[in-house]
Every structure is written in structure tokens, then in C-alpha cells.
>>> print(open('structure.csv').read())   # CSV, C-alpha atoms
chain,number,residue,atom,x,y,z
A,1,MET,CA,-27.0,-20.7,-18.2
A,2,THR,CA,-28.0,-17.3,-19.5
A,3,ALA,CA,-27.1,-14.0,-18.0
A,4,LEU,CA,-30.8,-13.6,-17.0
A,5,SER,CA,-30.9,-16.8,-15.1
A,6,ILE,CA,-27.5,-16.1,-13.5
A,7,THR,CA,-28.9,-12.7,-12.3
A,8,ALA,CA,-32.1,-14.4,-11.0
A,9,THR,CA,-30.0,-17.0,-9.1
A,10,LEU,CA,-27.8,-14.3,-7.6
A,11,ARG,CA,-30.9,-12.3,-6.5
A,12,ALA,CA,-32.2,-15.3,-4.7
A,13,THR,CA,-28.8,-16.0,-3.2
A,14,SER,CA,-28.6,-12.3,-2.1
A,15,ARG,CA,-31.8,-12.8,-0.1
A,16,ALA,CA,-30.4,-15.9,1.5
A,17,TRP,CA,-27.1,-14.1,2.4
A,18,ARG,CA,-29.1,-11.3,4.0
A,19,ARG,CA,-30.7,-13.8,6.3
A,20,MET,CA,-27.5,-15.6,7.0
A,21,GLY,CA,-25.8,-12.3,7.7
A,22,ALA,CA,-28.2,-11.5,10.6
A,23,ILE,CA,-26.1,-13.5,13.1
A,24,ALA,CA,-22.9,-11.9,11.8
A,25,LEU,CA,-24.5,-8.5,12.0
A,26,ALA,CA,-25.5,-9.0,15.6
A,27,CYS,CA,-22.0,-10.0,16.6
A,28,ALA,CA,-20.5,-7.1,14.7
A,29,LEU,CA,-22.9,-4.6,16.3
A,30,LEU,CA,-22.1,-5.9,19.8
A,31,PHE,CA,-18.4,-5.7,19.1
A,32,ALA,CA,-18.7,-2.2,17.5
A,33,ALA,CA,-20.9,-0.9,20.4
A,34,GLY,CA,-18.5,-2.2,23.0
A,35,THR,CA,-15.5,-0.6,21.2
A,36,ALA,CA,-17.3,2.7,20.7
A,37,MET,CA,-18.4,3.1,24.4
A,38,PRO,CA,-15.3,5.1,25.4
A,39,ALA,CA,-16.3,7.8,22.9
A,40,LEU,CA,-19.7,8.4,24.5
A,41,ALA,CA,-18.2,10.8,27.0
A,42,GLN,CA,-16.6,12.8,24.3
A,43,ASP,CA,-18.0,15.8,22.5
A,44,ALA,CA,-20.2,14.6,19.6
A,45,GLY,CA,-18.4,17.0,17.3
A,46,ASP,CA,-15.0,15.6,18.1
A,47,GLU,CA,-13.9,13.6,15.0
A,48,ASP,CA,-11.1,11.8,16.9
A,49,PRO,CA,-12.1,11.3,20.6
A,50,LEU,CA,-9.4,8.7,21.0
A,51,GLU,CA,-6.7,10.8,19.5
A,52,ASP,CA,-4.1,10.4,22.3
A,53,ILE,CA,-4.3,6.6,22.1
A,54,ASN,CA,-4.4,6.7,18.3
A,55,ARG,CA,-1.3,8.8,18.1
A,56,ALA,CA,0.5,6.5,20.4
A,57,VAL,CA,-0.4,3.5,18.2
A,58,TYR,CA,0.6,5.6,15.1
A,59,GLU,CA,4.1,6.2,16.7
A,60,PHE,CA,4.4,2.5,17.6
A,61,ASN,CA,3.6,1.6,13.9
A,62,ARG,CA,6.2,4.1,12.7
A,63,VAL,CA,8.9,2.4,14.9
A,64,LEU,CA,7.7,-1.1,13.8
A,65,ASP,CA,7.7,0.0,10.2
A,66,GLY,CA,11.2,1.5,10.3
A,67,LEU,CA,12.6,-1.6,12.1
A,68,LEU,CA,10.8,-4.3,10.2
A,69,LEU,CA,8.0,-3.7,7.7
A,70,LYS,CA,9.7,-1.1,5.4
A,71,PRO,CA,13.1,-3.0,5.2
A,72,ALA,CA,11.2,-6.3,4.5
A,73,ALA,CA,9.2,-4.6,1.8
A,74,MET,CA,12.3,-3.1,0.2
A,75,ILE,CA,14.0,-6.6,0.2
A,76,TYR,CA,10.8,-8.0,-1.3
A,77,ARG,CA,10.9,-5.5,-4.1
A,78,GLY,CA,14.6,-6.0,-4.6
A,79,LEU,CA,14.3,-9.8,-4.8
A,80,LEU,CA,11.2,-10.2,-6.9
A,81,PRO,CA,10.7,-8.5,-10.3
A,82,GLU,CA,7.5,-6.4,-10.7
A,83,GLU,CA,5.9,-9.1,-12.9
A,84,VAL,CA,6.2,-11.7,-10.1
A,85,ARG,CA,5.0,-9.2,-7.5
A,86,ASP,CA,2.0,-8.5,-9.7
A,87,GLY,CA,1.3,-12.2,-9.9
A,88,VAL,CA,1.4,-12.5,-6.1
A,89,ARG,CA,-1.0,-9.6,-5.7
A,90,ASN,CA,-3.3,-11.2,-8.4
A,91,VAL,CA,-3.4,-14.5,-6.4
A,92,LEU,CA,-4.2,-12.7,-3.2
A,93,ASP,CA,-7.0,-10.7,-4.8
A,94,ASN,CA,-8.4,-13.8,-6.4
A,95,LEU,CA,-8.5,-15.6,-3.0
A,96,GLN,CA,-10.5,-12.6,-1.7
A,97,ALA,CA,-13.2,-13.1,-4.4
A,98,PRO,CA,-15.6,-15.2,-2.3
A,99,VAL,CA,-15.6,-12.6,0.5
A,100,ILE,CA,-16.2,-9.8,-2.0
A,101,ALA,CA,-19.0,-11.7,-3.8
A,102,ALA,CA,-20.7,-12.5,-0.5
A,103,ASN,CA,-20.6,-8.8,0.5
A,104,ASP,CA,-21.8,-7.8,-2.9
A,105,LEU,CA,-24.9,-10.1,-2.4
A,106,MET,CA,-25.5,-8.9,1.1
A,107,GLN,CA,-25.6,-5.3,-0.2
A,108,GLY,CA,-28.0,-6.3,-3.0
A,109,GLU,CA,-25.3,-5.6,-5.7
A,110,THR,CA,-26.2,-8.7,-7.8
A,111,ARG,CA,-24.5,-7.4,-11.0
A,112,ARG,CA,-21.2,-6.7,-9.1
A,113,ALA,CA,-21.4,-10.1,-7.5
A,114,GLN,CA,-21.8,-11.7,-10.9
A,115,VAL,CA,-18.7,-9.9,-12.1
A,116,THR,CA,-16.8,-11.0,-9.1
A,117,LEU,CA,-17.8,-14.6,-9.5
A,118,GLU,CA,-17.0,-14.5,-13.2
A,119,ARG,CA,-13.6,-13.0,-12.4
A,120,PHE,CA,-12.9,-15.8,-9.9
A,121,ALA,CA,-13.9,-18.5,-12.4
A,122,ILE,CA,-11.9,-17.1,-15.3
A,123,ASN,CA,-8.7,-16.2,-13.3
A,124,THR,CA,-8.7,-19.5,-11.3
A,125,THR,CA,-8.8,-21.5,-14.5
A,126,VAL,CA,-7.4,-19.7,-17.5
A,127,GLY,CA,-5.4,-17.4,-15.2
A,128,GLY,CA,-3.5,-20.1,-13.5
A,129,LEU,CA,-5.0,-20.0,-10.0
A,130,GLY,CA,-5.2,-16.2,-10.3
A,131,ILE,CA,-1.6,-15.5,-11.2
A,132,PHE,CA,-2.8,-13.7,-14.3
A,133,ASP,CA,-5.7,-11.3,-14.4
A,134,VAL,CA,-7.3,-12.7,-17.6
A,135,ALA,CA,-10.8,-11.5,-16.6
A,136,LYS,CA,-9.6,-7.9,-16.8
A,137,GLN,CA,-8.9,-8.4,-20.5
A,138,HIS,CA,-12.5,-9.4,-20.9
A,139,GLY,CA,-14.0,-6.4,-19.3
A,140,ARG,CA,-14.4,-7.9,-15.8
A,141,TYR,CA,-12.7,-5.4,-13.6
A,142,LYS,CA,-11.9,-6.0,-9.9
A,143,HIS,CA,-13.5,-4.1,-7.1
A,144,ALA,CA,-13.3,-4.5,-3.3
A,145,GLU,CA,-16.1,-5.1,-0.8
A,146,ASP,CA,-16.0,-6.1,2.8
A,147,PHE,CA,-18.4,-6.6,5.7
A,148,GLY,CA,-17.5,-3.2,7.1
A,149,GLN,CA,-18.9,-1.7,3.9
A,150,THR,CA,-21.9,-4.0,4.2
A,151,LEU,CA,-22.6,-2.8,7.7
A,152,ALA,CA,-22.4,0.8,6.4
A,153,VAL,CA,-24.9,0.1,3.6
A,154,TRP,CA,-27.2,-1.4,6.3
A,155,GLY,CA,-27.0,1.8,8.2
A,156,VAL,CA,-24.4,1.1,10.9
A,157,GLY,CA,-22.3,4.1,11.8
A,158,GLY,CA,-18.6,4.0,11.8
A,159,GLY,CA,-18.0,5.1,15.4
A,160,PRO,CA,-14.8,6.9,16.5
A,161,TYR,CA,-11.6,6.9,14.5
A,162,LEU,CA,-9.2,4.1,15.4
A,163,TYR,CA,-5.6,3.7,14.4
A,164,LEU,CA,-4.8,0.0,14.8
A,165,PRO,CA,-1.4,-1.7,15.3
A,166,VAL,CA,0.0,-2.8,11.9
A,167,LEU,CA,-3.3,-2.4,10.2
A,168,GLY,CA,-3.6,1.4,10.4
A,169,PRO,CA,-6.7,3.5,10.0
A,170,SER,CA,-10.1,2.0,10.9
A,171,ASN,CA,-13.1,2.4,13.1
A,172,PRO,CA,-15.2,0.0,15.3
A,173,ARG,CA,-17.6,-0.9,12.5
A,174,ASP,CA,-14.8,-1.7,10.0
A,175,LEU,CA,-12.8,-3.6,12.7
A,176,ALA,CA,-15.9,-5.7,13.4
A,177,GLY,CA,-16.3,-6.2,9.7
A,178,LEU,CA,-12.7,-7.4,9.4
A,179,VAL,CA,-13.4,-10.0,12.1
A,180,VAL,CA,-16.5,-11.3,10.4
A,181,ASP,CA,-14.9,-11.4,7.0
A,182,SER,CA,-11.8,-13.2,8.3
A,183,PHE,CA,-13.5,-15.8,10.6
A,184,VAL,CA,-17.1,-16.2,9.4
A,185,ILE,CA,-17.3,-15.4,5.7
A,186,ASP,CA,-13.9,-16.3,4.3
A,187,PRO,CA,-14.1,-20.0,3.1
A,188,TRP,CA,-10.3,-20.4,3.0
A,189,THR,CA,-10.1,-19.8,6.8
A,190,HIS,CA,-12.6,-22.7,7.4
A,191,ILE,CA,-10.8,-24.9,4.8
A,192,ALA,CA,-7.4,-24.3,6.4
A,193,ARG,CA,-8.8,-25.1,9.9
A,194,ALA,CA,-10.5,-28.2,8.7
A,195,ASN,CA,-7.2,-29.4,7.2
A,196,ASP,CA,-4.9,-28.3,10.0
A,197,ALA,CA,-3.3,-25.8,7.7
A,198,ASP,CA,-3.3,-22.6,9.7
A,199,TRP,CA,0.1,-21.8,8.2
A,200,PHE,CA,-1.8,-20.9,5.0
A,201,THR,CA,-3.9,-18.3,6.8
A,202,TYR,CA,-0.8,-16.7,8.4
A,203,THR,CA,1.2,-16.8,5.2
A,204,ARG,CA,-1.7,-15.1,3.3
A,205,PHE,CA,-2.0,-12.4,5.9
A,206,GLY,CA,1.7,-11.8,6.0
A,207,LEU,CA,2.0,-11.6,2.2
A,208,ASN,CA,-0.9,-9.1,2.1
A,209,ILE,CA,0.9,-6.9,4.6
A,210,LEU,CA,4.2,-7.2,2.9
A,211,ASP,CA,2.9,-6.6,-0.6
A,212,THR,CA,0.8,-3.7,0.4
A,213,ARG,CA,3.7,-2.1,2.2
A,214,ALA,CA,5.9,-2.6,-0.9
A,215,ARG,CA,3.4,-0.8,-3.0
A,216,THR,CA,3.1,2.2,-0.7
A,217,ILE,CA,6.8,2.9,0.0
A,218,GLU,CA,7.0,6.1,-2.1
A,219,MET,CA,3.5,7.3,-1.1
A,220,LEU,CA,4.2,7.0,2.6
A,221,ASP,CA,7.7,8.5,2.3
A,222,ASP,CA,6.1,11.5,0.5
A,223,ILE,CA,3.5,11.9,3.2
A,224,GLU,CA,6.3,11.9,5.9
A,225,ARG,CA,8.4,14.4,4.0
A,226,ASN,CA,5.7,16.9,2.9
A,227,GLN,CA,2.9,16.9,5.5
A,228,ILE,CA,3.3,19.0,8.7
A,229,ASP,CA,1.1,16.4,10.6
A,230,PRO,CA,1.2,13.1,8.8
A,231,TYR,CA,-1.2,11.5,11.3
A,232,SER,CA,-3.9,14.1,10.6
A,233,PHE,CA,-3.4,13.8,6.8
A,234,ILE,CA,-3.8,10.0,6.9
A,235,ARG,CA,-6.9,10.3,9.1
A,236,THR,CA,-8.6,12.7,6.7
A,237,THR,CA,-7.6,10.9,3.5
A,238,SER,CA,-8.4,7.5,4.8
A,239,ARG,CA,-11.9,8.6,5.8
A,240,GLN,CA,-12.5,10.1,2.4
A,241,ARG,CA,-11.3,7.0,0.7
A,242,ARG,CA,-13.5,4.8,2.9
A,243,ASP,CA,-16.6,6.9,2.2
A,244,ASN,CA,-16.0,6.6,-1.5
A,245,GLU,CA,-15.6,2.8,-1.2
A,246,ILE,CA,-18.9,2.5,0.7
A,247,LEU,CA,-20.7,4.5,-2.0
A,248,ASN,CA,-19.0,2.4,-4.8
A,249,GLY,CA,-17.8,5.7,-6.4
A,250,ARG,CA,-21.4,7.0,-6.6
A,251,PRO,CA,-22.2,10.5,-5.3
A,252,ALA,CA,-23.7,10.7,-1.9
A,253,ALA,CA,-27.4,11.1,-1.7
A,254,ALA,CA,-28.7,14.6,-0.9
A,255,GLY,CA,-28.7,15.3,2.9
A,256,ARG,CA,-26.4,12.4,3.6
>>> encode(input="structure.csv", output="C-alpha cells")
Amino acid sequence: MTALSITATLRATSRAWRRMGAIALACALLFAAGTAMPALAQDAGDEDPLEDINRAVYEFNRVLDGLLLKPAAMIYRGLLPEEVRDGVRNVLDNLQAPVIAANDLMQGETRRAQVTLERFAINTTVGGLGIFDVAKQHGRYKHAEDFGQTLAVWGVGGGPYLYLPVLGPSNPRDLAGLVVDSFVIDPWTHIARANDADWFTYTRFGLNILDTRARTIEMLDDIERNQIDPYSFIRTTSRQRRDNEILNGRPAAAGR
């Protein structure tokens, strides 16, 4: 199959995904609207109308992190060499490829979807089920997409800032997107359920949390040491990072 025919197939699939995504979009919008309702009474210019609640969750996460997550992450780093941890991260990223490709298609990003699918095919086979990122050596670089970003591309606003237990910075749109990605789009969730293997889903989620925390130990320590108000710093930087992800690194359009 030529690159031209692959692109044509992906474009057709993209249109199908847009139609299939209508139900998921409706569910996400209802969820986002319900979550955003407490903010309606707030000043429209208030960037964090739920700040008191968010700060309470932030402090809860700090306690949980100090008691459990950070010690577990340090043990994880101490027990496994960097090469092994990189292999774990590669496998987790490879498992996420179907969700990324689906969201690429729903956003009309057919070329990025093609790269994602090629990465998945190469790394699953030649890369030993994704342990090795062989596709990167052939110019297929990874990127991330999720249904929260897709909703943003479709024009859905983020809503008020949320700081979630364990998961951290978010907003109603992205929280709805996470639900849709995890329980509607992700094929591994359905496969695990069909085979009575929910342990796989929980293990995958736990490894994602553990590996992410292990990779951010120094960064978060630096924020705690050097920022007068770490909560505000995280709020600002997480929003900037999210905006950049939605734009796929492209500059924002004039007037946006």
C-alpha cells in the first residue's frame, strides 16, 4: 500500500471517527457542563474560581505524595536501571498508540495518525512489543493526543481549573476527555473486560503513575524549594503546557 493510499484511507477513517465521536462528545459535554456549573456564580475573570477546594486537594496530594508516591518512585528508580525504566515507559507509550491515533483522526490530523500507526506497527513487532523505540530511529517521533485535546479542537472550552486527587492539574473538559479515552476509545480496556483481566488495566494505570512520578522527582523538588507559591506556579505552567499541546506546537491564530 502506497503512502498516498494510506493517507486516503486515513482520511476516510477520520470522517468515520468524527461521526463515531458524536456520542462520546455529547457525554463529555454533559459531564463538563455539570462539573463547570459551580463556576457560573464566580467572576468571569477569575482564573481559579474553585481555588479553595483545589488548594485543599493540592495539600492532600502533597501528603499522599510524601507518604506513598515519592517513596515508591524512589524505590522504583533504585531497583530498576534507567534502561529498564525506559523500556517500561516505551511499552506504556506504545499501548497508548490506538488512543492517540483515534484522536489524531478525530482532529483531522491524518498525517500524524499515520505516523502514530506506523510507530505502533514498528515498535510492536521489531521493537519487541514496544520495549524499544525502533520507530524513532526511522524518523517516526512520538507525540501525545487525547480526547480533551480533541474537544478543544472542536471548540469546547476548558472550564474552571481543577486540581484532581493523584492526577493533578486538569479542567472539566480534560477530565471528561480522560473518561472517554479510558472507557470508550481505549481498546485495551475493552479487551481486558472481555477477558476478565481488569488487573491489566489497574497495573497499567499504576505503572503510569509510578513511572511519571519517578521521572519528575527532581523537577517537583525544585518547584517546592524555589517557588514562593508552588500551587500557583503549577497552575500557570500546566495551563501553558496544555495550550501548547492543543495547538500541537503551532502558534495560536490571531485573536485567539
>>> closest_atom_pairs(input="structure.csv", of="segment 122-225 of chain A", to="segment 49-55 of chain A", cutoff="9 Å", atoms="all atoms listed in the file", output="CSV")
residue,atom,partner,partner_atom,distance
A:Pro160,CA,A:Pro49,CA,6.6
A:Tyr161,CA,A:Leu50,CA,7.1
A:Leu162,CA,A:Asn54,CA,6.2
A:Tyr163,CA,A:Asn54,CA,5.1
A:Leu164,CA,A:Asn54,CA,7.6
>>> atom_distance(input="structure.csv", atom1="atom CA of Asp93 of chain A", atom2="atom CA of Ala176 of chain A")
20.9 Å
>>> residues_around(input="structure.csv", residues="Gly148 of chain A", least_positions_apart="5", cutoff="10 Å", atoms="only C-alpha atoms", output="NGL selection string")
:A and (28 or 103 or 153-154 or 156-158 or 170-181 or 242 or 246)
>>> residues_around(input="structure.csv", residues="Gly87 of chain A", least_positions_apart="4", cutoff="7 Å", atoms="only C-alpha atoms", output="list of chain:residue names")
A:Glu83, A:Val91, A:Ile131, A:Phe132
>>> closest_residue(input="structure.csv", among="A:Tyr58, A:Leu167, A:Pro230, A:Ala214", to="Gly78 of chain A", atoms="all atoms listed in the file")
A:Ala214
>>> atom_distance(input="structure.csv", atom1="atom CA of Trp188 of chain A", atom2="atom CA of Leu64 of chain A")
28.5 Å
>>> residues_around(input="structure.csv", residues="Asn244 of chain A", least_positions_apart="6", cutoff="12 Å", atoms="all atoms listed in the file", output="PyMOL selection string")
chain A and resi 144-145+149+152+237-238+250-252
>>> write_last_selection(input="structure.csv", atoms="C-alpha atoms", output="PDB file, in the frame of the given file")
ATOM      1  CA  ALA A 144     -13.300  -4.500  -3.300  1.00  0.00           C
ATOM      2  CA  GLU A 145     -16.100  -5.100  -0.800  1.00  0.00           C
ATOM      3  CA  GLN A 149     -18.900  -1.700   3.900  1.00  0.00           C
ATOM      4  CA  ALA A 152     -22.400   0.800   6.400  1.00  0.00           C
ATOM      5  CA  THR A 237      -7.600  10.900   3.500  1.00  0.00           C
ATOM      6  CA  SER A 238      -8.400   7.500   4.800  1.00  0.00           C
ATOM      7  CA  ARG A 250     -21.400   7.000  -6.600  1.00  0.00           C
ATOM      8  CA  PRO A 251     -22.200  10.500  -5.300  1.00  0.00           C
ATOM      9  CA  ALA A 252     -23.700  10.700  -1.900  1.00  0.00           C
TER      10      ALA A 252
END
>>> atom_distance(input="structure.csv", atom1="atom CA of Asp146 of chain A", atom2="atom CA of Val99 of chain A")
6.9 Å
>>> closest_residue(input="structure.csv", among="A:Arg119, A:Asn226, A:Tyr231, A:Phe147", to="Ala135 of chain A", atoms="only C-alpha atoms")
A:Arg119
>>> residues_near_point(input="structure.csv", point="(-6.5, -12.5, -4.8)", cutoff="10 Å", atoms="all atoms listed in the file", output="list in words")
Gly87, Val88, Arg89, Asn90, Val91, Leu92, Asp93, Asn94, Leu95, Gln96, Ala97, Pro98, Phe120, Asn123, Thr124, Leu129, Gly130, Ile131, Asp133, Lys142, Arg204 and Asn208 of chain A
>>> decode(input="structure.csv", residues="segment 145-255 of chain A", atoms="C-alpha atoms", output="PDB file, in the first residue's frame")
ATOM      1  CA  GLU A 145      -3.128  13.328  21.807  1.00  0.00           C
ATOM      2  CA  ASP A 146      -6.205  12.748  23.945  1.00  0.00           C
ATOM      3  CA  PHE A 147      -9.923  13.399  23.812  1.00  0.00           C
ATOM      4  CA  GLY A 148      -9.564  16.516  25.947  1.00  0.00           C
ATOM      5  CA  GLN A 149      -7.418  17.990  23.176  1.00  0.00           C
ATOM      6  CA  THR A 150      -9.924  16.790  20.589  1.00  0.00           C
ATOM      7  CA  LEU A 151     -12.737  18.570  22.430  1.00  0.00           C
ATOM      8  CA  ALA A 152     -10.616  21.731  22.467  1.00  0.00           C
ATOM      9  CA  VAL A 153     -10.049  21.472  18.705  1.00  0.00           C
ATOM     10  CA  TRP A 154     -13.809  21.066  18.293  1.00  0.00           C
ATOM     11  CA  GLY A 155     -14.322  24.331  20.166  1.00  0.00           C
ATOM     12  CA  VAL A 156     -15.176  23.117  23.677  1.00  0.00           C
ATOM     13  CA  GLY A 157     -13.849  25.426  26.382  1.00  0.00           C
ATOM     14  CA  GLY A 158     -11.816  24.112  29.272  1.00  0.00           C
ATOM     15  CA  GLY A 159     -13.933  25.435  32.109  1.00  0.00           C
ATOM     16  CA  PRO A 160     -12.583  26.216  35.572  1.00  0.00           C
ATOM     17  CA  TYR A 161      -9.198  24.995  36.737  1.00  0.00           C
ATOM     18  CA  LEU A 162      -9.337  21.722  38.667  1.00  0.00           C
ATOM     19  CA  TYR A 163      -6.698  20.077  40.820  1.00  0.00           C
ATOM     20  CA  LEU A 164      -7.561  16.382  40.990  1.00  0.00           C
ATOM     21  CA  PRO A 165      -6.584  13.793  43.610  1.00  0.00           C
ATOM     22  CA  VAL A 166      -3.449  11.916  42.442  1.00  0.00           C
ATOM     23  CA  LEU A 167      -3.841  13.131  38.822  1.00  0.00           C
ATOM     24  CA  GLY A 168      -3.106  16.804  39.499  1.00  0.00           C
ATOM     25  CA  PRO A 169      -3.887  19.791  37.188  1.00  0.00           C
ATOM     26  CA  SER A 170      -6.901  19.495  34.904  1.00  0.00           C
ATOM     27  CA  ASN A 171     -10.242  21.076  33.992  1.00  0.00           C
ATOM     28  CA  PRO A 172     -13.765  19.718  33.310  1.00  0.00           C
ATOM     29  CA  ARG A 173     -13.124  19.308  29.574  1.00  0.00           C
ATOM     30  CA  ASP A 174      -9.909  17.357  30.078  1.00  0.00           C
ATOM     31  CA  LEU A 175     -11.425  15.274  32.876  1.00  0.00           C
ATOM     32  CA  ALA A 176     -14.304  14.360  30.559  1.00  0.00           C
ATOM     33  CA  GLY A 177     -11.737  13.576  27.864  1.00  0.00           C
ATOM     34  CA  LEU A 178      -9.869  11.264  30.221  1.00  0.00           C
ATOM     35  CA  VAL A 179     -13.082   9.361  30.948  1.00  0.00           C
ATOM     36  CA  VAL A 180     -13.859   8.971  27.232  1.00  0.00           C
ATOM     37  CA  ASP A 181     -10.294   7.918  26.380  1.00  0.00           C
ATOM     38  CA  SER A 182     -10.160   5.387  29.208  1.00  0.00           C
ATOM     39  CA  PHE A 183     -13.600   3.784  28.929  1.00  0.00           C
ATOM     40  CA  VAL A 184     -14.760   4.403  25.354  1.00  0.00           C
ATOM     41  CA  ILE A 185     -11.800   4.746  22.985  1.00  0.00           C
ATOM     42  CA  ASP A 186      -9.037   2.650  24.578  1.00  0.00           C
ATOM     43  CA  PRO A 187      -9.267  -0.865  23.054  1.00  0.00           C
ATOM     44  CA  TRP A 188      -7.203  -2.441  25.834  1.00  0.00           C
ATOM     45  CA  THR A 189      -9.875  -1.555  28.395  1.00  0.00           C
ATOM     46  CA  HIS A 190     -12.490  -3.434  26.378  1.00  0.00           C
ATOM     47  CA  ILE A 191     -10.160  -6.376  25.755  1.00  0.00           C
ATOM     48  CA  ALA A 192      -9.334  -6.600  29.466  1.00  0.00           C
ATOM     49  CA  ARG A 193     -13.003  -6.548  30.419  1.00  0.00           C
ATOM     50  CA  ALA A 194     -13.910  -9.151  27.818  1.00  0.00           C
ATOM     51  CA  ASN A 195     -11.225 -11.464  29.187  1.00  0.00           C
ATOM     52  CA  ASP A 196     -11.914 -10.781  32.876  1.00  0.00           C
ATOM     53  CA  ALA A 197      -8.456  -9.190  33.170  1.00  0.00           C
ATOM     54  CA  ASP A 198      -9.158  -5.908  34.936  1.00  0.00           C
ATOM     55  CA  TRP A 199      -5.835  -6.419  36.737  1.00  0.00           C
ATOM     56  CA  PHE A 200      -4.157  -5.385  33.474  1.00  0.00           C
ATOM     57  CA  THR A 201      -5.962  -2.032  33.464  1.00  0.00           C
ATOM     58  CA  TYR A 202      -5.123  -1.349  37.114  1.00  0.00           C
ATOM     59  CA  THR A 203      -1.490  -2.399  36.660  1.00  0.00           C
ATOM     60  CA  ARG A 204      -1.106  -0.186  33.616  1.00  0.00           C
ATOM     61  CA  PHE A 205      -2.627   2.789  35.440  1.00  0.00           C
ATOM     62  CA  GLY A 206      -0.410   2.220  38.482  1.00  0.00           C
ATOM     63  CA  LEU A 207       2.752   1.901  36.393  1.00  0.00           C
ATOM     64  CA  ASN A 208       1.907   5.136  34.577  1.00  0.00           C
ATOM     65  CA  ILE A 209       1.560   6.981  37.881  1.00  0.00           C
ATOM     66  CA  LEU A 210       4.715   5.403  39.328  1.00  0.00           C
ATOM     67  CA  ASP A 211       6.898   5.962  36.266  1.00  0.00           C
ATOM     68  CA  THR A 212       5.692   9.541  35.795  1.00  0.00           C
ATOM     69  CA  ARG A 213       6.422  10.336  39.441  1.00  0.00           C
ATOM     70  CA  ALA A 214       9.880   8.770  39.168  1.00  0.00           C
ATOM     71  CA  ARG A 215      10.666  10.989  36.181  1.00  0.00           C
ATOM     72  CA  THR A 216       9.568  14.184  37.953  1.00  0.00           C
ATOM     73  CA  ILE A 217      11.274  13.819  41.352  1.00  0.00           C
ATOM     74  CA  GLU A 218      13.919  16.477  40.761  1.00  0.00           C
ATOM     75  CA  MET A 219      11.542  18.832  38.939  1.00  0.00           C
ATOM     76  CA  LEU A 220       8.905  18.804  41.689  1.00  0.00           C
ATOM     77  CA  ASP A 221      11.548  19.079  44.409  1.00  0.00           C
ATOM     78  CA  ASP A 222      12.920  22.149  42.637  1.00  0.00           C
ATOM     79  CA  ILE A 223       9.454  23.719  42.465  1.00  0.00           C
ATOM     80  CA  GLU A 224       8.874  23.114  46.179  1.00  0.00           C
ATOM     81  CA  ARG A 225      12.261  24.625  47.084  1.00  0.00           C
ATOM     82  CA  ASN A 226      12.302  27.647  44.800  1.00  0.00           C
ATOM     83  CA  GLN A 227       8.704  28.803  44.287  1.00  0.00           C
ATOM     84  CA  ILE A 228       7.021  31.060  46.842  1.00  0.00           C
ATOM     85  CA  ASP A 229       3.645  29.560  45.918  1.00  0.00           C
ATOM     86  CA  PRO A 230       4.140  26.164  44.226  1.00  0.00           C
ATOM     87  CA  TYR A 231       0.396  25.764  43.672  1.00  0.00           C
ATOM     88  CA  SER A 232       0.141  28.968  41.603  1.00  0.00           C
ATOM     89  CA  PHE A 233       3.301  28.103  39.668  1.00  0.00           C
ATOM     90  CA  ILE A 234       1.947  24.646  38.767  1.00  0.00           C
ATOM     91  CA  ARG A 235      -1.410  26.149  37.777  1.00  0.00           C
ATOM     92  CA  THR A 236       0.207  28.639  35.394  1.00  0.00           C
ATOM     93  CA  THR A 237       2.744  26.288  33.818  1.00  0.00           C
ATOM     94  CA  SER A 238       0.269  23.423  33.416  1.00  0.00           C
ATOM     95  CA  ARG A 239      -2.126  25.702  31.525  1.00  0.00           C
ATOM     96  CA  GLN A 240       0.652  26.935  29.262  1.00  0.00           C
ATOM     97  CA  ARG A 241       1.786  23.394  28.569  1.00  0.00           C
ATOM     98  CA  ARG A 242      -1.769  22.291  27.841  1.00  0.00           C
ATOM     99  CA  ASP A 243      -2.382  25.167  25.428  1.00  0.00           C
ATOM    100  CA  ASN A 244       0.802  24.208  23.564  1.00  0.00           C
ATOM    101  CA  GLU A 245      -0.314  20.562  23.381  1.00  0.00           C
ATOM    102  CA  ILE A 246      -3.696  21.552  21.944  1.00  0.00           C
ATOM    103  CA  LEU A 247      -2.005  23.662  19.273  1.00  0.00           C
ATOM    104  CA  ASN A 248       0.485  20.845  18.539  1.00  0.00           C
ATOM    105  CA  GLY A 249       3.296  23.353  18.998  1.00  0.00           C
ATOM    106  CA  ARG A 250       1.907  25.704  16.364  1.00  0.00           C
ATOM    107  CA  PRO A 251       1.450  29.409  17.172  1.00  0.00           C
ATOM    108  CA  ALA A 252      -2.047  30.454  18.173  1.00  0.00           C
ATOM    109  CA  ALA A 253      -4.161  32.078  15.482  1.00  0.00           C
ATOM    110  CA  ALA A 254      -4.556  35.841  15.624  1.00  0.00           C
ATOM    111  CA  GLY A 255      -7.273  36.889  18.012  1.00  0.00           C
TER     112      GLY A 255
END
